[in-house]
file final.txt (compact mmCIF, C-alpha atoms (C1' of nucleotides))
# COMPACT_ATOMS: atom_id res chain seq x y z
CA MET J 1048 60.60 182.83 58.34
CA ALA J 1049 60.21 179.46 56.80
CA ARG J 1050 59.92 180.49 53.18
CA PRO J 1051 59.49 177.63 50.77
CA GLU J 1052 62.49 178.77 48.80
CA GLN J 1053 64.87 177.67 51.52
CA LEU J 1054 63.02 174.42 51.99
CA ASP J 1055 63.53 173.85 48.26
CA ARG J 1056 67.24 174.33 48.64
CA VAL J 1057 67.60 172.26 51.80
CA PHE J 1058 65.77 169.26 50.39
CA ALA J 1059 67.55 169.57 47.05
CA ALA J 1060 70.91 169.83 48.80
CA LEU J 1061 70.31 166.61 50.72
CA ALA J 1062 69.05 164.74 47.67
CA ASP J 1063 72.65 164.10 46.63
CA PRO J 1064 74.45 161.22 48.40
CA THR J 1065 77.81 162.97 48.27
CA ARG J 1066 76.33 166.02 49.96
CA ARG J 1067 74.59 163.90 52.57
CA ASP J 1068 77.91 162.26 53.26
CA LEU J 1069 79.55 165.65 53.62
CA VAL J 1070 76.90 166.63 56.13
CA ALA J 1071 77.37 163.36 57.97
CA ARG J 1072 81.09 163.91 58.24
CA LEU J 1073 80.70 167.54 59.24
CA ALA J 1074 78.42 166.46 62.06
CA GLY J 1075 81.58 165.00 63.57
CA GLY J 1076 83.38 168.31 63.40
CA ASP J 1077 84.47 171.15 61.13
CA ALA J 1078 86.82 170.39 58.27
CA THR J 1079 88.57 172.10 55.37
CA VAL J 1080 87.59 171.68 51.76
CA GLY J 1081 90.68 169.60 51.10
CA GLU J 1082 90.01 167.29 53.99
CA LEU J 1083 86.44 166.87 52.90
CA ALA J 1084 87.36 166.21 49.29
CA ALA J 1085 90.05 163.64 50.02
CA PRO J 1086 87.87 160.50 50.30
CA TYR J 1087 85.96 161.08 47.10
CA ALA J 1088 86.95 160.17 43.60
CA VAL J 1089 85.86 163.54 42.23
CA SER J 1090 87.87 166.71 41.80
CA LEU J 1091 88.32 169.31 44.51
CA GLN J 1092 86.29 171.75 42.46
CA ALA J 1093 83.35 169.39 42.39
CA VAL J 1094 83.40 169.18 46.19
CA SER J 1095 83.71 172.93 46.39
CA LYS J 1096 80.56 173.18 44.29
CA HIS J 1097 78.76 170.74 46.56
CA LEU J 1098 79.74 172.85 49.53
CA LYS J 1099 78.38 175.92 47.81
CA VAL J 1100 75.05 174.16 47.37
CA LEU J 1101 75.04 173.24 51.06
CA GLU J 1102 75.98 176.80 51.96
CA ASP J 1103 73.22 178.31 49.81
CA ALA J 1104 70.81 176.00 51.60
CA GLY J 1105 72.06 177.33 54.92
CA LEU J 1106 73.30 173.93 55.96
CA VAL J 1107 76.94 174.93 56.33
CA SER J 1108 78.95 178.09 56.80
CA ARG J 1109 82.56 178.82 55.97
CA SER J 1110 84.94 180.99 57.89
CA ARG J 1111 88.52 181.85 57.15
CA ASP J 1112 91.67 180.57 58.81
CA ALA J 1113 94.75 181.61 56.85
CA GLN J 1114 94.35 180.09 53.41
CA ARG J 1115 91.97 177.45 54.68
CA ARG J 1116 88.21 177.76 54.65
CA PRO J 1117 86.95 175.59 57.49
CA VAL J 1118 83.43 174.34 56.85
CA HIS J 1119 80.96 174.24 59.71
CA LEU J 1120 77.63 172.45 59.91
CA GLU J 1121 74.65 174.66 60.81
CA ALA J 1122 72.33 172.24 62.50
CA GLU J 1123 69.44 174.64 63.04
CA VAL J 1124 68.27 174.32 59.45
CA PHE J 1125 67.46 170.71 60.19
CA ASP J 1126 64.63 171.97 62.33
CA LEU J 1127 63.06 173.59 59.32
CA MET J 1128 62.80 170.23 57.60
CA THR J 1129 61.80 168.32 60.67
CA LYS J 1130 58.99 170.77 61.32
CA TRP J 1131 57.70 170.48 57.79
CA ILE J 1132 57.85 166.69 57.84
CA GLU J 1133 56.35 166.25 61.27
CA ARG J 1134 53.52 168.61 60.52
CA TYR J 1135 52.17 166.58 57.65
CA ARG J 1136 53.03 163.22 59.08
CA ARG J 1137 51.04 164.07 62.17
CA GLN J 1138 48.16 165.33 60.10
CA ALA J 1139 48.16 162.16 58.01
CA GLU J 1140 48.31 159.97 61.10
CA GLU J 1141 45.47 161.81 62.78
CA ARG J 1142 43.38 161.45 59.69
CA TYR J 1143 44.19 157.77 59.59
CA GLN J 1144 43.02 157.36 63.15
CA ARG J 1145 39.81 159.27 62.44
CA LEU J 1146 39.25 156.99 59.48
CA ASP J 1147 39.70 154.01 61.74
CA ALA J 1148 37.10 155.44 64.07
CA VAL J 1149 34.71 156.06 61.20
CA LEU J 1150 35.11 152.52 59.96
CA ALA J 1151 34.46 151.16 63.42
CA GLN J 1152 31.41 153.35 63.67
CA MET J 1153 30.17 152.13 60.31
CA GLN J 1154 30.54 148.52 61.33
CA ASP J 1155 28.67 149.45 64.43
CA ASP J 1156 25.56 150.80 62.76
CA ASP J 1157 25.89 148.51 59.80
CA ARG J 1158 22.16 148.00 59.58
CA GLY J 1159 21.43 151.68 60.23
CA ALA J 1160 21.24 152.45 56.49
CA GLY J 1161 22.96 155.58 55.25
CA ARG J 1162 25.70 155.61 52.67
CA ALA J 1163 29.24 154.52 53.21
CA ALA J 1164 30.51 158.05 53.49
CA PRO J 1165 33.13 158.57 50.81
CA ASP J 1166 33.80 161.67 52.87
CA GLU J 1167 34.20 165.09 51.47
CA GLY J 1168 37.62 165.56 50.13
CA ALA J 1169 40.56 167.87 50.27
CA ALA J 1170 39.45 169.58 47.10
CA SER J 1171 39.21 173.14 48.20
CA MET Y 31 68.04 149.22 55.61
CA ALA Y 32 70.48 151.86 54.63
CA ARG Y 33 69.25 152.42 51.08
CA PRO Y 34 70.76 155.74 50.17
CA GLU Y 35 69.00 155.41 46.86
CA GLN Y 36 65.58 155.85 48.40
CA LEU Y 37 66.78 158.72 50.54
CA ASP Y 38 67.98 160.33 47.32
CA ARG Y 39 64.55 160.01 45.82
CA VAL Y 40 62.65 161.15 48.90
CA PHE Y 41 64.71 164.29 49.38
CA ALA Y 42 64.67 165.04 45.66
CA ALA Y 43 60.92 164.54 45.54
CA LEU Y 44 60.35 167.05 48.32
CA ALA Y 45 62.74 169.59 46.84
CA ASP Y 46 59.99 170.77 44.50
CA PRO Y 47 57.39 173.17 45.95
CA THR Y 48 54.58 171.76 43.82
CA ARG Y 49 55.33 168.27 45.08
CA ARG Y 50 55.55 169.45 48.68
CA ASP Y 51 52.18 171.08 48.20
CA LEU Y 52 50.78 167.85 46.82
CA VAL Y 53 52.03 166.02 49.88
CA ALA Y 54 50.56 168.69 52.14
CA ARG Y 55 47.18 168.35 50.51
CA LEU Y 56 47.31 164.57 50.51
CA ALA Y 57 47.95 164.66 54.25
CA GLY Y 58 44.37 165.88 54.46
CA GLY Y 59 43.05 162.91 52.57
CA ASP Y 60 43.33 160.87 49.40
CA ALA Y 61 42.51 162.53 46.10
CA THR Y 62 42.42 161.80 42.40
CA VAL Y 63 44.90 163.15 39.89
CA GLY Y 64 42.31 165.51 38.48
CA GLU Y 65 41.43 166.91 41.87
CA LEU Y 66 45.06 167.36 42.70
CA ALA Y 67 45.87 169.05 39.42
CA ALA Y 68 42.99 171.52 39.53
CA PRO Y 69 44.56 174.30 41.62
CA TYR Y 70 47.78 174.48 39.63
CA ALA Y 71 48.43 176.39 36.47
CA VAL Y 72 50.25 173.46 34.88
CA SER Y 73 48.88 170.68 32.74
CA LEU Y 74 47.39 167.50 34.12
CA GLN Y 75 50.26 165.55 32.63
CA ALA Y 76 52.76 167.60 34.55
CA VAL Y 77 50.99 166.78 37.80
CA SER Y 78 50.86 163.14 36.80
CA LYS Y 79 54.63 163.26 36.38
CA HIS Y 80 55.04 164.84 39.80
CA LEU Y 81 52.94 162.08 41.29
CA LYS Y 82 55.14 159.51 39.61
CA VAL Y 83 58.17 161.08 41.23
CA LEU Y 84 56.44 160.95 44.61
CA GLU Y 85 55.43 157.36 43.97
CA ASP Y 86 58.96 156.31 43.00
CA ALA Y 87 60.13 157.86 46.24
CA GLY Y 88 57.60 155.75 48.11
CA LEU Y 89 55.79 158.82 49.38
CA VAL Y 90 52.47 158.01 47.76
CA SER Y 91 50.68 154.98 46.36
CA ARG Y 92 47.92 154.77 43.81
CA SER Y 93 45.06 152.33 43.78
CA ARG Y 94 42.28 151.96 41.28
CA ASP Y 95 38.66 152.99 41.55
CA ALA Y 96 36.90 152.74 38.24
CA GLN Y 97 38.74 155.05 35.91
CA ARG Y 98 40.11 157.11 38.76
CA ARG Y 99 43.46 156.55 40.40
CA PRO Y 100 43.12 157.78 43.97
CA VAL Y 101 46.44 158.90 45.38
CA HIS Y 102 47.31 158.04 48.95
CA LEU Y 103 50.05 159.45 51.14
CA GLU Y 104 52.42 156.89 52.64
CA ALA Y 105 53.55 158.56 55.81
CA GLU Y 106 56.04 155.89 56.90
CA VAL Y 107 58.69 157.10 54.50
CA PHE Y 108 58.84 160.30 56.48
CA ASP Y 109 60.48 158.29 59.23
CA LEU Y 110 63.37 157.47 56.95
CA MET Y 111 64.13 161.16 56.54
CA THR Y 112 63.48 162.06 60.13
CA LYS Y 113 65.85 159.35 61.29
CA TRP Y 114 68.59 160.53 58.99
CA ILE Y 115 68.15 164.16 59.98
CA GLU Y 116 67.87 163.55 63.69
CA ARG Y 117 70.89 161.33 63.73
CA TYR Y 118 73.25 163.98 62.47
CA ARG Y 119 71.59 166.86 64.21
CA ARG Y 120 71.99 165.09 67.51
CA GLN Y 121 75.60 164.27 66.73
CA ALA Y 122 76.31 167.88 65.81
CA GLU Y 123 74.58 169.17 68.91
CA GLU Y 124 76.45 166.80 71.17
CA ARG Y 125 79.68 167.88 69.63
CA TYR Y 126 78.72 171.49 70.10
CA GLN Y 127 78.05 170.92 73.77
CA ARG Y 128 81.36 169.15 74.19
CA LEU Y 129 83.04 172.09 72.53
CA ASP Y 130 81.26 174.42 74.92
CA ALA Y 131 82.58 172.38 77.81
CA VAL Y 132 86.09 172.49 76.42
CA LEU Y 133 85.95 176.24 75.98
CA ALA Y 134 84.63 176.68 79.48
CA GLN Y 135 87.42 174.47 80.73
CA MET Y 136 89.96 176.56 78.87
CA GLN Y 137 88.62 179.77 80.33
CA ASP Y 138 88.79 178.10 83.66
CA ASP Y 139 92.40 177.06 83.18
CA ASP Y 140 93.10 180.56 81.99
CA ARG Y 141 92.78 182.05 85.41
CA GLY Y 142 94.81 179.29 86.84
CA ALA Y 143 92.86 177.13 89.19
CA GLY Y 144 89.71 175.36 90.24
CA ARG Y 145 87.17 173.59 88.20
CA ALA Y 146 83.59 174.71 88.01
CA ALA Y 147 80.59 173.38 86.23
CA PRO Y 148 80.29 175.56 83.11
CA ASP Y 149 76.56 175.63 83.30
CA GLU Y 150 75.96 172.54 85.26
CA GLY Y 151 76.65 169.11 83.86
CA ALA Y 152 74.97 169.00 80.48
CA ALA Y 153 77.05 166.10 79.28
CA SER Y 154 75.56 163.13 77.49
C1' DG I 1420 30.42 148.58 20.99
C1' DC I 1421 30.73 153.68 20.81
C1' DG I 1422 31.68 158.02 22.87
C1' DG I 1423 33.48 160.34 26.63
C1' DC I 1424 36.05 160.77 30.95
C1' DA I 1425 40.41 160.12 33.72
C1' DT I 1426 44.98 159.14 33.29
C1' DT I 1427 49.25 157.77 31.30
C1' DC I 1428 52.76 157.36 27.49
C1' DA I 1429 55.82 159.53 24.01
C1' DA I 1430 58.39 162.96 21.83
C1' DC I 1431 60.25 167.12 22.31
C1' DC I 1432 62.32 171.60 24.44
C1' DA I 1433 64.67 174.82 27.75
C1' DA I 1434 66.84 175.13 32.03
C1' DT I 1435 69.42 173.06 35.67
C1' DT I 1436 72.86 169.92 37.55
C1' DG I 1437 77.14 167.36 38.47
C1' DG I 1438 81.11 166.68 36.51
C1' DT I 1439 85.43 168.05 34.02
C1' DT I 1440 89.84 171.09 33.05
C1' DG I 1441 92.34 175.42 33.20
C1' DA I 1442 93.16 179.91 35.00
C1' DC I 1443 93.01 182.97 38.89
C1' DA I 1444 93.36 184.77 44.04
C1' DA I 1445 94.74 184.85 48.68
C1' DA I 1446 97.73 183.76 52.35
C1' DC I 1447 101.59 181.53 54.18
C1' DG I 1448 106.97 179.77 54.27
C1' DC I 1449 111.17 181.10 53.02
C1' DG G 648 109.55 189.06 46.33
C1' DC G 649 108.69 183.84 44.75
C1' DG G 650 106.83 179.65 44.85
C1' DT G 651 103.47 176.60 47.18
C1' DT G 652 99.39 175.52 49.27
C1' DT G 653 94.31 176.10 49.43
C1' DG G 654 90.42 177.18 47.37
C1' DT G 655 87.28 179.62 43.95
C1' DC G 656 85.84 181.20 39.24
C1' DA G 657 84.84 180.26 34.31
C1' DA G 658 83.83 177.73 30.35
C1' DC G 659 82.27 173.70 28.74
C1' DC G 660 79.78 168.96 28.37
C1' DA G 661 76.40 165.08 29.22
C1' DA G 662 72.54 163.79 31.76
C1' DT G 663 68.44 164.95 34.21
C1' DT G 664 64.33 167.69 35.10
C1' DG G 665 59.93 170.20 34.61
C1' DG G 666 57.27 171.66 31.34
C1' DT G 667 54.69 171.32 26.88
C1' DT G 668 51.39 169.00 23.25
C1' DG G 669 49.38 164.98 21.02
C1' DA G 670 48.34 160.24 20.89
C1' DA G 671 47.20 156.00 23.49
C1' DT G 672 44.81 153.29 27.23
C1' DG G 673 41.28 151.79 30.52
C1' DC G 674 36.53 152.14 32.14
C1' DC G 675 32.19 153.61 32.54
C1' DG G 676 27.25 155.00 30.60
C1' DC G 677 24.19 154.35 27.23
call {"tool": "encode", "arguments": {"input": "final.txt", "output": "structure tokens"}}
result
Amino acid sequence: MARPEQLDRVFAALADPTRRDLVARLAGGDATVGELAAPYAVSLQAVSKHLKVLEDAGLVSRSRDAQRRPVHLEAEVFDLMTKWIERYRRQAEERYQRLDAVLAQMQDDDRGAGRAAPDEGAAS
Amino acid sequence: MARPEQLDRVFAALADPTRRDLVARLAGGDATVGELAAPYAVSLQAVSKHLKVLEDAGLVSRSRDAQRRPVHLEAEVFDLMTKWIERYRRQAEERYQRLDAVLAQMQDDDRGAGRAAPDEGAAS
DNA sequence: GCGGCATTCAACCAATTGGTTGACAAACGC
DNA sequence: GCGTTTGTCAACCAATTGGTTGAATGCCGC
């Protein structure tokens, strides 16, 4: 169920460089909040907040191990983004190729009269 | 190459559902600001602002045609995101498979002897 | 060159965001 | 139990964001 709400959160979550870095590091393996926070100049609470944003986006999950809360990257959500991106990129590319064909065609029957089709638009 | 700044802007730009919708519609072909704004309940200026955000992210470009400013989708920027996403997804997946292998190995050791392919060599 | 169309700029407002510090909670180690 | 470690919750602050309305700007048609 790819509801736009989650896509909102996923994109928003990755718009922050610190959070992207967290994801990058988590791709190498699970880690605790403390471990994750260590390299940054900000407070532990700030990192905890970032992790909450990532969690709400479904990008990470947290379990419990004694007093630690190991953070785990949930890679499936990436597919949601990739699908969205690829869908429109493909569509744009196909359109581009059709346009190319149209231009070639126009050059072809250059003297055939007719207007230089501004083509009907996307306006529904 | 690695301009995190642009990645910031691209992800942030797509975090808004209105802007994602604009991109989706632009994938079907160029359009003017007025055409783009029509379906939404918000003011034209608001849409113009959204387009500026998309433009700053490098996702669209605007040319000039009389008093219109046709908006064009720049699909290449998608690659930037896709690369980033795929990189870490792959890394996470590889790690996951290694973990699987380790767990299988442990189970194997558990009953004392022999090595068997967990589910046939899926290493990489 | 004047009026109208398409778009942007400017000022403003409410809500959200990323950061802070301080207090609290849960699970050891002893 | 008692203190320590690990992490979250709460209140607050400055900056940013998405929206508004009203005033430019740029270009066409006449």
call {"tool": "interface_residues", "arguments": {"input": "final.txt", "of": "chain Y", "to": "chain G", "cutoff": "8 Å", "atoms": "all atoms listed in the file", "output": "list in words"}}
result
Ala76, Ala96 and Gln97 of chain Y
call {"tool": "residues_around", "arguments": {"input": "final.txt", "residues": "J:Ala1059", "least_positions_apart": "6", "cutoff": "10 Å", "atoms": "all atoms listed in the file", "output": "PyMOL selection string"}}
result
(chain J and resi 1053+1066+1100-1101+1104) or (chain Y and resi 38+40-46)
call {"tool": "atom_distance", "arguments": {"input": "final.txt", "atom1": "atom CA of Y:Val107", "atom2": "atom CA of Y:Leu89"}}
result
6.1 Å
call {"tool": "atom_distance", "arguments": {"input": "final.txt", "atom1": "atom CA of Y:Pro34", "atom2": "atom CA of J:Leu1073"}}
result
17.9 Å
call {"tool": "closest_residue", "arguments": {"input": "final.txt", "among": "Y:Arg120, Y:His102, Y:Lys113, Y:Arg125", "to": "Y:Ala61", "atoms": "all atoms listed in the file"}}
result
Y:His102
call {"tool": "interface_residues", "arguments": {"input": "final.txt", "of": "chain Y", "to": "chain I", "cutoff": "8 Å", "atoms": "only C-alpha atoms (C1' of nucleotides)", "output": "list in words"}}
result
Val63, Gly64, Gln75, Ser78, Gln97, Arg98 and Arg99 of chain Y
call {"tool": "closest_atom_pairs", "arguments": {"input": "final.txt", "of": "chain J", "to": "chain Y", "cutoff": "9 Å", "atoms": "all atoms listed in the file", "output": "Markdown table"}}
result
| residue | atom | partner | partner_atom | distance |
| --- | --- | --- | --- | --- |
| J:Pro1051 | CA | Y:Pro47 | CA | 6.9 |
| J:Glu1052 | CA | Y:Pro47 | CA | 8.1 |
| J:Leu1054 | CA | Y:Ala45 | CA | 7.1 |
| J:Asp1055 | CA | Y:Ala45 | CA | 4.6 |
| J:Arg1056 | CA | Y:Ala45 | CA | 6.8 |
| J:Val1057 | CA | Y:Ala45 | CA | 7.4 |
| J:Phe1058 | CA | Y:Ala45 | CA | 4.7 |
| J:Ala1059 | CA | Y:Ala45 | CA | 4.8 |
| J:Ala1060 | CA | Y:Phe41 | CA | 8.3 |
| J:Leu1061 | CA | Y:Phe41 | CA | 6.2 |
| J:Ala1062 | CA | Y:Asp38 | CA | 4.6 |
| J:Asp1063 | CA | Y:Asp38 | CA | 6.0 |
| J:Pro1064 | CA | Y:Asp38 | CA | 6.6 |
| J:Val1070 | CA | Y:Tyr118 | CA | 7.8 |
| J:Ala1071 | CA | Y:Tyr118 | CA | 6.1 |
| J:Arg1072 | CA | Y:Tyr118 | CA | 8.9 |
| J:Leu1073 | CA | Y:Ala122 | CA | 7.9 |
| J:Ala1074 | CA | Y:Ala122 | CA | 4.5 |
| J:Gly1075 | CA | Y:Ala122 | CA | 6.4 |
| J:Gly1076 | CA | Y:Arg125 | CA | 7.3 |
| J:Leu1120 | CA | Y:Ala122 | CA | 7.6 |
| J:Glu1121 | CA | Y:Ala122 | CA | 8.6 |
| J:Ala1122 | CA | Y:Arg119 | CA | 5.7 |
| J:Glu1123 | CA | Y:Arg119 | CA | 8.2 |
| J:Phe1125 | CA | Y:Ile115 | CA | 6.6 |
| J:Asp1126 | CA | Y:Arg119 | CA | 8.8 |
| J:Met1128 | CA | Y:Ile115 | CA | 8.4 |
| J:Thr1129 | CA | Y:Thr112 | CA | 6.5 |
| J:Ile1132 | CA | Y:Phe108 | CA | 6.6 |
| J:Glu1133 | CA | Y:Phe108 | CA | 8.0 |
| J:Arg1134 | CA | Y:Ala54 | CA | 8.9 |
| J:Tyr1135 | CA | Y:Ala57 | CA | 5.7 |
| J:Arg1136 | CA | Y:Ala105 | CA | 5.7 |
| J:Arg1137 | CA | Y:Ala57 | CA | 8.5 |
| J:Gln1138 | CA | Y:Ala57 | CA | 5.9 |
| J:Ala1139 | CA | Y:Ala57 | CA | 4.5 |
| J:Glu1140 | CA | Y:Ala105 | CA | 7.6 |
| J:Arg1142 | CA | Y:Gly58 | CA | 6.9 |
| J:Tyr1143 | CA | Y:Gly59 | CA | 8.8 |
| J:Gly1168 | CA | Y:Gly59 | CA | 6.5 |
| J:Ala1169 | CA | Y:Gly58 | CA | 6.0 |
| J:Ala1170 | CA | Y:Glu65 | CA | 6.2 |
| J:Ser1171 | CA | Y:Pro69 | CA | 8.6 |
call {"tool": "atom_distance", "arguments": {"input": "final.txt", "atom1": "atom CA of J:Tyr1087", "atom2": "atom CA of J:Pro1117"}}
result
17.9 Å
call {"tool": "axis_aligned_box", "arguments": {"input": "final.txt", "around": "stretch 101-104 of chain Y", "padding_each_side": "8 Å", "output": "AutoDock Vina command-line options"}}
result
--center_x 49.4 --center_y 158.2 --center_z 49.0 --size_x 22.0 --size_y 18.6 --size_z 23.3
call {"tool": "build_atoms", "arguments": {"input": "final.txt", "residues": "stretch 105-121 of chain Y", "atoms": "N, CA and C atoms", "output": "PDB file, keeping the file's coordinate frame"}}
result
ATOM      1  N   ALA Y 105      52.849 157.720  54.843  1.00  0.00           N
ATOM      2  CA  ALA Y 105      53.550 158.560  55.810  1.00  0.00           C
ATOM      3  C   ALA Y 105      54.800 157.895  56.401  1.00  0.00           C
ATOM      4  N   GLU Y 106      54.911 156.573  56.239  1.00  0.00           N
ATOM      5  CA  GLU Y 106      56.040 155.890  56.900  1.00  0.00           C
ATOM      6  C   GLU Y 106      57.387 156.379  56.381  1.00  0.00           C
ATOM      7  N   VAL Y 107      57.417 156.709  55.095  1.00  0.00           N
ATOM      8  CA  VAL Y 107      58.690 157.100  54.500  1.00  0.00           C
ATOM      9  C   VAL Y 107      59.262 158.327  55.197  1.00  0.00           C
ATOM     10  N   PHE Y 108      58.379 159.135  55.748  1.00  0.00           N
ATOM     11  CA  PHE Y 108      58.840 160.300  56.480  1.00  0.00           C
ATOM     12  C   PHE Y 108      59.843 159.897  57.565  1.00  0.00           C
ATOM     13  N   ASP Y 109      59.590 158.752  58.163  1.00  0.00           N
ATOM     14  CA  ASP Y 109      60.480 158.290  59.230  1.00  0.00           C
ATOM     15  C   ASP Y 109      61.913 158.144  58.750  1.00  0.00           C
ATOM     16  N   LEU Y 110      62.039 157.678  57.522  1.00  0.00           N
ATOM     17  CA  LEU Y 110      63.370 157.470  56.950  1.00  0.00           C
ATOM     18  C   LEU Y 110      64.150 158.785  56.993  1.00  0.00           C
ATOM     19  N   MET Y 111      63.497 159.842  56.527  1.00  0.00           N
ATOM     20  CA  MET Y 111      64.130 161.160  56.540  1.00  0.00           C
ATOM     21  C   MET Y 111      64.395 161.625  57.960  1.00  0.00           C
ATOM     22  N   THR Y 112      63.348 161.564  58.764  1.00  0.00           N
ATOM     23  CA  THR Y 112      63.480 162.060  60.130  1.00  0.00           C
ATOM     24  C   THR Y 112      64.633 161.386  60.841  1.00  0.00           C
ATOM     25  N   LYS Y 113      64.758 160.082  60.641  1.00  0.00           N
ATOM     26  CA  LYS Y 113      65.850 159.350  61.290  1.00  0.00           C
ATOM     27  C   LYS Y 113      67.190 159.896  60.833  1.00  0.00           C
ATOM     28  N   TRP Y 114      67.313 160.048  59.521  1.00  0.00           N
ATOM     29  CA  TRP Y 114      68.590 160.530  58.990  1.00  0.00           C
ATOM     30  C   TRP Y 114      68.912 161.906  59.575  1.00  0.00           C
ATOM     31  N   ILE Y 115      67.938 162.794  59.504  1.00  0.00           N
ATOM     32  CA  ILE Y 115      68.150 164.160  59.980  1.00  0.00           C
ATOM     33  C   ILE Y 115      68.510 164.183  61.455  1.00  0.00           C
ATOM     34  N   GLU Y 116      67.686 163.494  62.241  1.00  0.00           N
ATOM     35  CA  GLU Y 116      67.870 163.550  63.690  1.00  0.00           C
ATOM     36  C   GLU Y 116      69.219 162.989  64.101  1.00  0.00           C
ATOM     37  N   ARG Y 117      69.617 161.952  63.398  1.00  0.00           N
ATOM     38  CA  ARG Y 117      70.890 161.330  63.730  1.00  0.00           C
ATOM     39  C   ARG Y 117      72.046 162.325  63.701  1.00  0.00           C
ATOM     40  N   TYR Y 118      72.108 163.091  62.613  1.00  0.00           N
ATOM     41  CA  TYR Y 118      73.250 163.980  62.470  1.00  0.00           C
ATOM     42  C   TYR Y 118      73.067 165.275  63.242  1.00  0.00           C
ATOM     43  N   ARG Y 119      71.805 165.680  63.394  1.00  0.00           N
ATOM     44  CA  ARG Y 119      71.590 166.860  64.210  1.00  0.00           C
ATOM     45  C   ARG Y 119      72.030 166.597  65.638  1.00  0.00           C
ATOM     46  N   ARG Y 120      71.633 165.442  66.134  1.00  0.00           N
ATOM     47  CA  ARG Y 120      71.990 165.090  67.510  1.00  0.00           C
ATOM     48  C   ARG Y 120      73.507 165.049  67.647  1.00  0.00           C
ATOM     49  N   GLN Y 121      74.137 164.386  66.681  1.00  0.00           N
ATOM     50  CA  GLN Y 121      75.600 164.270  66.730  1.00  0.00           C
ATOM     51  C   GLN Y 121      76.252 165.647  66.745  1.00  0.00           C
TER      52      GLN Y 121
END
